[in-house]
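*Asks:* Coordinates in work-v5.tsv, TSV, C-alpha atoms, are listed below.
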chain	number	residue	atom	x	y	z
H	248	PRO	CA	-26.63	68.81	46.35
H	249	PHE	CA	-29.35	66.62	47.86
H	250	PRO	CA	-33.09	67.41	47.38
H	251	ASP	CA	-34.70	69.28	50.26
H	252	SER	CA	-38.14	67.72	50.14
H	253	ALA	CA	-40.07	64.71	48.95
H	254	ARG	CA	-41.77	66.93	46.34
H	255	GLU	CA	-38.41	67.92	44.85
H	256	LEU	CA	-37.26	64.30	44.85
H	257	CYS	CA	-40.39	63.28	42.93
H	258	ALA	CA	-39.86	66.06	40.41
H	259	MET	CA	-36.26	64.93	39.86
H	260	SER	CA	-37.23	61.29	39.45
H	261	ARG	CA	-39.84	62.15	36.78
H	262	GLY	CA	-37.03	62.97	34.39
H	263	GLY	CA	-37.38	66.76	34.38
H	264	SER	CA	-34.34	68.99	34.71
H	265	THR	CA	-35.48	70.21	38.16
H	266	GLY	CA	-32.59	69.89	40.54
H	267	TYR	CA	-30.22	68.36	38.00
H	268	ASP	CA	-29.49	71.67	36.29
H	269	ARG	CA	-28.36	73.38	39.49
H	270	LEU	CA	-24.93	71.79	39.56
H	271	ILE	CA	-22.72	71.09	36.60
H	272	THR	CA	-21.26	67.98	38.28
H	273	VAL	CA	-24.55	66.05	38.61
H	274	PHE	CA	-25.83	63.76	35.84
H	275	SER	CA	-29.58	63.42	35.36
H	276	PRO	CA	-31.09	59.89	35.31
H	277	GLU	CA	-30.95	60.08	31.49
H	278	GLY	CA	-27.21	60.73	31.63
H	279	ARG	CA	-27.46	64.42	30.70
H	280	LEU	CA	-25.52	67.39	32.05
H	281	TYR	CA	-28.01	70.21	31.72
H	282	GLN	CA	-25.55	73.05	32.34
H	283	ILE	CA	-23.51	71.88	29.33
H	284	GLU	CA	-26.65	71.90	27.19
H	285	TYR	CA	-27.42	75.42	28.40
H	286	ALA	CA	-23.89	76.48	27.38
H	287	PHE	CA	-24.61	75.27	23.82
H	288	LYS	CA	-27.84	77.31	23.88
H	289	ALA	CA	-25.83	80.36	24.99
H	290	VAL	CA	-23.70	79.99	21.84
H	291	LYS	CA	-26.81	80.14	19.65
H	292	ALA	CA	-28.47	82.87	21.72
H	293	ALA	CA	-25.67	85.29	20.77
H	294	GLY	CA	-27.36	85.60	17.35
H	295	ILE	CA	-24.10	85.20	15.40
H	296	THR	CA	-23.32	82.62	12.70
H	297	THR	CA	-19.75	81.61	11.81
H	298	VAL	CA	-18.62	79.61	8.76
H	299	GLY	CA	-15.22	78.02	8.20
H	300	VAL	CA	-13.94	76.41	4.98
H	301	ARG	CA	-10.66	74.57	4.30
H	302	GLY	CA	-9.15	74.69	0.82
H	303	VAL	CA	-6.12	73.07	-0.79
H	304	ASP	CA	-3.61	75.65	0.43
H	305	SER	CA	-5.71	77.95	2.63
H	306	VAL	CA	-8.31	78.09	5.38
H	307	CYS	CA	-10.94	80.79	5.85
H	308	ILE	CA	-13.30	81.66	8.71
H	309	VAL	CA	-16.10	84.20	8.23
H	310	THR	CA	-18.36	85.62	10.93
H	311	GLN	CA	-20.89	88.39	11.29
H	312	LYS	CA	-19.84	91.73	12.71
H	313	LYS	CA	-22.80	93.12	14.65
H	314	VAL	CA	-22.09	96.58	16.01
H	315	ALA	CA	-25.57	97.96	16.68
H	316	GLN	CA	-27.63	95.69	18.94
H	317	GLY	CA	-30.64	97.99	19.24
H	318	HIS	CA	-29.40	100.10	22.16
H	319	SER	CA	-29.23	103.88	21.75
H	320	GLN	CA	-25.65	104.11	22.99
H	321	ASP	CA	-24.52	101.71	20.27
H	322	LYS	CA	-24.62	104.62	17.81
H	323	LEU	CA	-21.62	106.01	19.67
H	324	LEU	CA	-19.61	102.78	19.45
H	325	ASP	CA	-16.32	102.63	17.61
H	326	PRO	CA	-16.87	99.71	15.17
H	327	SER	CA	-13.14	98.88	15.13
H	328	SER	CA	-13.38	97.86	18.80
H	329	VAL	CA	-15.97	95.16	18.04
H	330	THR	CA	-14.52	91.82	16.97
H	331	HIS	CA	-15.12	88.08	17.30
H	332	MET	CA	-11.84	87.21	15.58
H	333	TYR	CA	-8.61	86.74	17.51
H	334	LYS	CA	-5.07	86.02	16.40
H	335	ILE	CA	-3.56	83.41	18.74
H	336	THR	CA	-0.13	82.82	17.18
H	337	GLU	CA	1.44	83.83	13.84
H	338	THR	CA	-0.20	80.83	12.12
H	339	ILE	CA	-3.35	80.23	14.22
H	340	GLY	CA	-6.47	82.34	14.52
H	341	ALA	CA	-9.82	81.76	16.19
H	342	VAL	CA	-13.37	83.03	15.90
H	343	GLN	CA	-15.42	82.96	19.09
H	344	THR	CA	-19.18	82.51	18.76
H	345	GLY	CA	-21.21	83.15	21.92
H	346	HIS	CA	-20.63	85.27	25.03
H	347	GLN	CA	-17.86	87.71	24.15
H	348	ALA	CA	-16.79	88.32	27.75
H	349	ASP	CA	-16.15	84.57	28.06
H	350	ALA	CA	-14.45	84.67	24.66
H	351	ARG	CA	-11.90	87.27	25.71
H	352	ALA	CA	-11.11	85.41	28.94
H	353	GLN	CA	-10.59	82.16	27.04
H	354	VAL	CA	-8.46	83.80	24.35
H	355	GLN	CA	-6.20	85.36	26.97
H	356	ARG	CA	-5.71	81.95	28.58
H	357	VAL	CA	-4.98	80.07	25.35
H	358	ARG	CA	-2.57	82.75	24.09
H	359	GLN	CA	-0.62	82.18	27.28
H	360	GLU	CA	-0.66	78.41	26.63
H	361	ALA	CA	0.57	78.93	23.06
H	362	GLY	CA	3.33	81.27	24.26
H	363	GLU	CA	4.50	78.76	26.87
H	364	PHE	CA	4.56	76.02	24.21
H	365	ARG	CA	6.79	78.12	21.94
H	366	TYR	CA	9.08	79.02	24.83
H	367	LYS	CA	9.38	75.36	25.89
H	368	TYR	CA	9.76	73.67	22.48
H	369	GLY	CA	11.14	76.44	20.25
H	370	TYR	CA	8.44	76.37	17.56
H	371	ASP	CA	4.80	77.49	17.22
H	372	MET	CA	2.04	75.27	18.51
H	373	PRO	CA	0.49	73.25	15.62
H	374	PRO	CA	-3.26	73.91	15.13
H	375	GLU	CA	-4.27	70.36	16.15
H	376	VAL	CA	-2.24	70.49	19.37
H	377	PHE	CA	-3.75	73.89	20.10
H	378	ALA	CA	-7.34	72.69	19.50
H	379	ARG	CA	-6.75	69.64	21.72
H	380	ARG	CA	-5.44	71.87	24.51
H	381	VAL	CA	-8.49	74.16	24.27
H	382	ALA	CA	-10.80	71.13	24.39
H	383	ASP	CA	-8.94	69.73	27.42
H	384	MET	CA	-9.41	73.00	29.31
H	385	ASN	CA	-13.11	73.14	28.35
H	386	GLN	CA	-13.61	69.59	29.58
H	387	VAL	CA	-12.12	70.37	33.01
H	388	TYR	CA	-14.81	73.04	33.43
H	389	THR	CA	-17.51	70.35	33.14
H	390	GLN	CA	-16.42	68.42	36.24
H	391	HIS	CA	-15.83	71.04	38.95
H	392	ALA	CA	-18.74	72.53	40.87
H	393	GLY	CA	-16.92	75.83	41.41
H	394	MET	CA	-16.72	76.56	37.67
H	395	ARG	CA	-19.08	76.91	34.75
H	396	PRO	CA	-18.37	76.15	31.08
H	397	TYR	CA	-17.42	78.97	28.74
H	398	GLY	CA	-20.50	80.02	26.79
H	399	VAL	CA	-18.54	80.08	23.55
H	400	SER	CA	-17.71	77.84	20.64
H	401	MET	CA	-14.17	78.36	19.27
H	402	MET	CA	-13.52	77.80	15.58
H	403	VAL	CA	-9.79	77.42	15.00
H	404	GLY	CA	-8.07	77.92	11.65
H	405	GLY	CA	-4.39	77.71	10.88
H	406	MET	CA	-1.57	76.32	8.80
H	407	ASP	CA	0.37	73.24	9.84
H	408	GLU	CA	3.90	72.87	8.42
H	409	GLU	CA	3.28	69.19	7.65
H	410	LYS	CA	-0.49	68.88	7.14
H	411	GLY	CA	-1.25	72.24	5.50
H	412	PRO	CA	-4.49	74.13	6.25
H	413	GLN	CA	-6.44	72.97	9.32
H	414	LEU	CA	-9.93	73.75	10.62
H	415	PHE	CA	-11.19	72.69	14.07
H	416	LEU	CA	-14.17	73.39	16.28
H	417	CYS	CA	-13.87	73.31	20.09
H	418	ASP	CA	-17.20	73.31	21.93
H	419	PRO	CA	-18.16	74.01	25.58
H	420	ALA	CA	-18.37	70.29	26.38
H	421	GLY	CA	-14.69	69.69	25.60
H	422	HIS	CA	-15.04	68.07	22.16
H	423	PHE	CA	-12.77	69.05	19.31
H	424	LEU	CA	-13.06	67.79	15.75
H	425	GLY	CA	-11.38	68.64	12.45
H	426	TYR	CA	-13.53	69.66	9.48
H	427	LYS	CA	-13.32	70.32	5.75
H	428	ALA	CA	-15.95	72.99	6.37
H	429	TYR	CA	-18.28	73.75	9.25
H	430	ALA	CA	-20.67	76.34	10.68
H	431	THR	CA	-21.56	77.17	14.26
H	432	GLY	CA	-23.97	79.58	15.90
H	433	GLN	CA	-27.55	80.61	15.24
H	434	LYS	CA	-28.08	79.24	11.70
H	435	ASP	CA	-25.59	76.37	11.90
H	436	LEU	CA	-27.91	73.60	10.62
H	437	GLU	CA	-28.87	75.46	7.42
H	438	ALA	CA	-25.26	76.44	6.77
H	439	ASN	CA	-23.91	72.92	7.33
H	440	ASN	CA	-26.51	71.44	4.97
H	441	MET	CA	-25.43	73.92	2.30
H	442	LEU	CA	-21.74	73.20	2.88
H	443	GLU	CA	-22.37	69.45	2.54
H	444	LYS	CA	-23.96	70.00	-0.88
H	445	LYS	CA	-21.17	72.28	-2.08
H	446	LEU	CA	-18.43	69.88	-0.93
H	447	LYS	CA	-20.21	66.71	-2.10
H	448	ASN	CA	-17.75	66.07	-4.94
H	449	ASN	CA	-14.72	66.99	-2.84
H	450	PRO	CA	-13.66	70.04	-4.91
H	451	GLN	CA	-10.05	71.27	-4.77
H	452	LEU	CA	-10.63	74.83	-3.62
H	453	SER	CA	-8.18	77.61	-4.43
H	454	TYR	CA	-7.65	80.53	-2.03
H	455	ASP	CA	-10.27	82.76	-3.71
H	456	GLU	CA	-12.78	79.89	-4.00
H	457	THR	CA	-12.31	79.04	-0.30
H	458	VAL	CA	-13.00	82.61	0.85
H	459	GLN	CA	-15.92	83.10	-1.54
H	460	MET	CA	-17.57	79.81	-0.59
H	461	ALA	CA	-17.47	80.73	3.11
H	462	VAL	CA	-18.86	84.22	2.48
H	463	SER	CA	-21.56	83.09	0.02
H	464	VAL	CA	-22.83	80.34	2.38
H	465	LEU	CA	-23.12	82.86	5.21
H	466	GLN	CA	-24.92	85.30	2.89
H	467	SER	CA	-27.35	82.61	1.73
H	468	VAL	CA	-28.35	81.30	5.16
H	469	LEU	CA	-28.86	84.82	6.51
H	470	SER	CA	-30.62	86.00	3.31
H	471	ALA	CA	-28.51	89.15	3.38
H	472	ASP	CA	-26.38	91.15	0.96
H	473	PHE	CA	-23.30	91.98	2.97
H	474	LYS	CA	-21.36	95.20	2.93
H	475	CYS	CA	-17.67	94.90	3.69
H	476	THR	CA	-18.30	96.24	7.21
H	477	ASP	CA	-20.90	93.55	8.04
H	478	ILE	CA	-18.49	90.61	8.24
H	479	GLU	CA	-15.05	89.64	9.50
H	480	VAL	CA	-12.91	87.35	7.38
H	481	GLY	CA	-9.82	85.58	8.73
H	482	VAL	CA	-7.52	83.59	6.46
H	483	ALA	CA	-4.27	81.65	6.54
H	484	ASN	CA	-2.67	80.60	3.24
H	485	LYS	CA	0.67	79.45	1.87
H	486	GLU	CA	1.10	82.61	-0.18
H	487	HIS	CA	1.55	84.61	3.03
H	488	TYR	CA	3.80	81.97	4.64
H	489	GLY	CA	0.88	80.46	6.55
H	490	ARG	CA	0.31	83.59	8.67
H	491	PHE	CA	-3.21	84.07	9.99
H	492	ARG	CA	-4.58	87.52	9.18
H	493	SER	CA	-7.86	89.42	9.03
H	494	LEU	CA	-8.79	90.75	5.59
H	495	ASP	CA	-9.20	94.50	5.31
H	496	GLU	CA	-12.34	96.13	3.89
H	497	ALA	CA	-10.90	96.46	0.37
H	498	GLU	CA	-10.09	92.73	0.18
H	499	ILE	CA	-13.51	91.77	1.55
H	500	GLU	CA	-15.17	94.08	-0.99
H	501	ARG	CA	-13.24	92.40	-3.83
H	502	HIS	CA	-14.62	89.00	-2.80
H	503	LEU	CA	-18.17	90.35	-2.37
H	504	VAL	CA	-18.07	91.85	-5.88
H	505	ALA	CA	-16.78	88.54	-7.29
H	506	ILE	CA	-19.64	86.65	-5.59
H	507	SER	CA	-22.31	89.07	-6.87
H	508	GLU	CA	-20.90	88.93	-10.45
H	509	ARG	CA	-20.81	85.13	-10.33
H	510	ASP	CA	-24.41	84.88	-9.06
Using the file provided, produce a representation of the structure as structure tokens.
*Replies:*
Amino acid sequence: PFPDSARELCAMSRGGSTGYDRLITVFSPEGRLYQIEYAFKAVKAAGITTVGVRGVDSVCIVTQKKVAQGHSQDKLLDPSSVTHMYKITETIGAVQTGHQADARAQVQRVRQEAGEFRYKYGYDMPPEVFARRVADMNQVYTQHAGMRPYGVSMMVGGMDEEKGPQLFLCDPAGHFLGYKAYATGQKDLEANNMLEKKLKNNPQLSYDETVQMAVSVLQSVLSADFKCTDIEVGVANKEHYGRFRSLDEAEIERHLVAISERD
């Protein structure tokens, strides 16, 4: 890990990332870990935006479903095989924004963790405990030279028996925070500004209002009129005993029609 020449040492001391971004375990003189910052850029580079909103008795996460990426062979793809939404337990679901190969590897690992928790304690992992465990695993990947961080941001939604609907974001650095509503990915700043305005007066959102707010914010920041095949919507609400499920095309279409009639 030491510089090979005086020239490289000078470049490192000038505050540039030269040398300091080669290993994830080395801080720069400014206290930055460049590989972590690059992992956050990888999340945005995926070109996907995800929005999550928490209501009174429900939580909803909406993300784009991009099937065609401009390659000729994408016309032959089966759209049902493309997803960013994963069911972790009966009451917890997650949307992965970023590198999807990393996403699948992480989901497989955390499903195993959730299964072991249920086997050990006899009940499903609460969403907050799950989000903390994901963040703990992400943080470990920032301090070992033989690993790299996952290039994904995991938005977790679920129902807690005591606290009701929960929404968390776990990032590549190992942070996890709970939110009333949040967006991650390419257009996250615009979406979060819009969510702040909509939630300014702390509205008590019903199930339909929760879903439609998440979808309409995503539509607005992307300046797009969605078809039901363009997005994935995951919800957990008390009406369905807190189970996390993906909405089918008919249900998504119903919400899209309601949004267009309202606007």
*Asks:* When you draw a straight line from CA of Asn449 (chain H) to CA of His422 (chain H), how long is it in Å?
*Replies:*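 Straight-line distance from CA of Asn449 (chain H) to CA of His422 (chain H) works out to 25.0 Å.
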*Asks:* May I have the protein, DNA and RNA residues with an atom at most 9 Å from (-29.7, 77.7, 19.4), counting all atoms listed in the file in the file's coordinates, returned as number ranges by chain?
*Replies:* H: 287-294, 432-435
*Asks:* Excluding Lys334 (chain H) and its own-chain neighbours fewer than 3 positions away, which residues fall within 8 Å of it when counting all atoms listed in the file? Please give them as a PDB file with C-alpha atoms, keeping the file's coordinate frame.
*Replies:*
ATOM      1  CA  GLU H 337       1.440  83.830  13.840  1.00  0.00           C
ATOM      2  CA  ILE H 339      -3.350  80.230  14.220  1.00  0.00           C
ATOM      3  CA  GLY H 340      -6.470  82.340  14.520  1.00  0.00           C
ATOM      4  CA  ALA H 341      -9.820  81.760  16.190  1.00  0.00           C
ATOM      5  CA  PHE H 491      -3.210  84.070   9.990  1.00  0.00           C
ATOM      6  CA  ARG H 492      -4.580  87.520   9.180  1.00  0.00           C
TER       7      ARG H 492
END
*Asks:* Can you tell me which residues surround Gln353 (chain H) at a distance of at most 10 Å, considering all atoms listed in the file, apart from same-chain residues fewer than 2 positions away, and format the answer as a ChimeraX atom specification?
*Replies:* /H:343,347-351,355-359,381,384-385,397,399,401
*Asks:* Measuring between all atoms listed in the file, which one of H:Val504, H:Ala461, H:Ile271, H:Cys475 shows the shortest distance to Ala392 (chain H)?
*Replies:*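 So, comparing all the options, the nearest one is H:Ile271.
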*Asks:* Identify which of the residues H:Val376, H:Leu465, H:Ala420, H:Ile308 lies closest to Pro396 (chain H), counting only C-alpha atoms when measuring atom-to-atom distances.
*Replies:*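 Of the candidates, the smallest distance to Pro396 (chain H) is held by H:Ala420.
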*Asks:* Just want the 7 Å neighbourhood of region 280-282 of chain H, counted on all atoms listed in the file, with same-chain residues fewer than 3 positions away dropped. Output as a PyMOL selection string.
*Replies:* chain H and resi 267-268+271+273-275+285-286
*Asks:* Near region 479-488 of chain H, counting all atoms listed in the file, which residues have an atom at most 10 Å away, once you skip same-chain residues fewer than 3 positions from it, shown as a ChimeraX atom specification?
*Replies:* /H:297-313,330-334,337-342,404-406,408,411-413,453-454,457-458,461-462,475-476,491-496,498-499
*Asks:* Between CA of Gly362 (chain H) and CA of Tyr429 (chain H), what distance in Å does the model show, to one decimal?
*Replies:*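 A separation of 27.4 Å between them.
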*Asks:* Just give me the gap between CA of Leu270 (chain H) and CA of Phe415 (chain H) in Å, one decimal is fine.
*Replies:* 29.0 Å
*Asks:* Please identify all polymer residues lying at most 10 Å from the point (-8.7, 63.7, 26.1) (file coordinates), using all atoms listed in the file, and present the result as a PyMOL selection string.
*Replies:* chain H and resi 379-380+382-384+386+421-423
*Asks:* Since the input lacks some atoms of region 290-301 of chain H, please model all heavy atoms and print them as a compact mmCIF listing (two decimals), in the coordinates of the input.
*Replies:*
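Full text of part21.txt as output:
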# COMPACT_ATOMS: atom_id res chain seq x y z
N VAL H 290 -24.43 79.74 23.09
CA VAL H 290 -23.70 79.99 21.84
C VAL H 290 -24.67 80.46 20.76
O VAL H 290 -24.42 81.43 20.05
CB VAL H 290 -22.95 78.72 21.39
CG1 VAL H 290 -22.36 78.91 19.99
CG2 VAL H 290 -21.84 78.37 22.38
N LYS H 291 -25.82 79.77 20.67
CA LYS H 291 -26.81 80.14 19.65
C LYS H 291 -27.52 81.44 19.99
O LYS H 291 -27.89 82.22 19.11
CB LYS H 291 -27.84 79.02 19.49
CG LYS H 291 -27.27 77.76 18.88
CD LYS H 291 -28.35 76.89 18.27
CE LYS H 291 -27.72 75.73 17.51
NZ LYS H 291 -28.69 75.01 16.68
N ALA H 292 -27.72 81.68 21.29
CA ALA H 292 -28.47 82.87 21.72
C ALA H 292 -27.74 84.17 21.39
O ALA H 292 -28.35 85.24 21.38
CB ALA H 292 -28.73 82.79 23.23
N ALA H 293 -26.43 84.08 21.11
CA ALA H 293 -25.67 85.29 20.77
C ALA H 293 -26.11 85.88 19.44
O ALA H 293 -25.81 87.04 19.14
CB ALA H 293 -24.18 84.98 20.74
N GLY H 294 -26.82 85.09 18.61
CA GLY H 294 -27.36 85.60 17.35
C GLY H 294 -26.32 85.78 16.26
O GLY H 294 -26.52 86.54 15.31
N ILE H 295 -25.19 85.09 16.38
CA ILE H 295 -24.10 85.20 15.40
C ILE H 295 -23.91 83.84 14.73
O ILE H 295 -24.02 82.80 15.37
CB ILE H 295 -22.77 85.59 16.10
CG1 ILE H 295 -22.89 86.94 16.78
CG2 ILE H 295 -21.59 85.57 15.13
CD1 ILE H 295 -22.84 88.12 15.87
N THR H 296 -23.64 83.86 13.43
CA THR H 296 -23.32 82.62 12.70
C THR H 296 -21.90 82.74 12.15
O THR H 296 -21.52 83.78 11.63
CB THR H 296 -24.31 82.38 11.55
OG1 THR H 296 -25.64 82.38 12.08
CG2 THR H 296 -24.06 81.02 10.89
N THR H 297 -21.15 81.65 12.27
CA THR H 297 -19.75 81.61 11.81
C THR H 297 -19.57 80.43 10.86
O THR H 297 -20.07 79.34 11.14
CB THR H 297 -18.80 81.45 13.01
OG1 THR H 297 -18.97 82.55 13.90
CG2 THR H 297 -17.34 81.41 12.56
N VAL H 298 -18.87 80.66 9.76
CA VAL H 298 -18.62 79.61 8.76
C VAL H 298 -17.13 79.50 8.51
O VAL H 298 -16.45 80.52 8.31
CB VAL H 298 -19.35 79.92 7.43
CG1 VAL H 298 -19.03 78.86 6.38
CG2 VAL H 298 -20.86 80.00 7.65
N GLY H 299 -16.63 78.27 8.52
CA GLY H 299 -15.22 78.02 8.20
C GLY H 299 -15.11 77.04 7.05
O GLY H 299 -15.89 76.09 6.96
N VAL H 300 -14.16 77.29 6.13
CA VAL H 300 -13.94 76.41 4.98
C VAL H 300 -12.44 76.19 4.80
O VAL H 300 -11.66 77.14 4.91
CB VAL H 300 -14.53 77.00 3.68
CG1 VAL H 300 -14.24 76.09 2.48
CG2 VAL H 300 -16.03 77.22 3.81
N ARG H 301 -12.07 74.93 4.53
CA ARG H 301 -10.66 74.57 4.30
C ARG H 301 -10.45 74.28 2.83
O ARG H 301 -11.18 73.47 2.25
CB ARG H 301 -10.33 73.35 5.15
CG ARG H 301 -8.86 73.03 5.26
CD ARG H 301 -8.66 71.75 6.07
NE ARG H 301 -8.98 70.57 5.28
CZ ARG H 301 -9.13 69.35 5.78
NH1 ARG H 301 -9.03 69.14 7.08
NH2 ARG H 301 -9.39 68.32 5.01
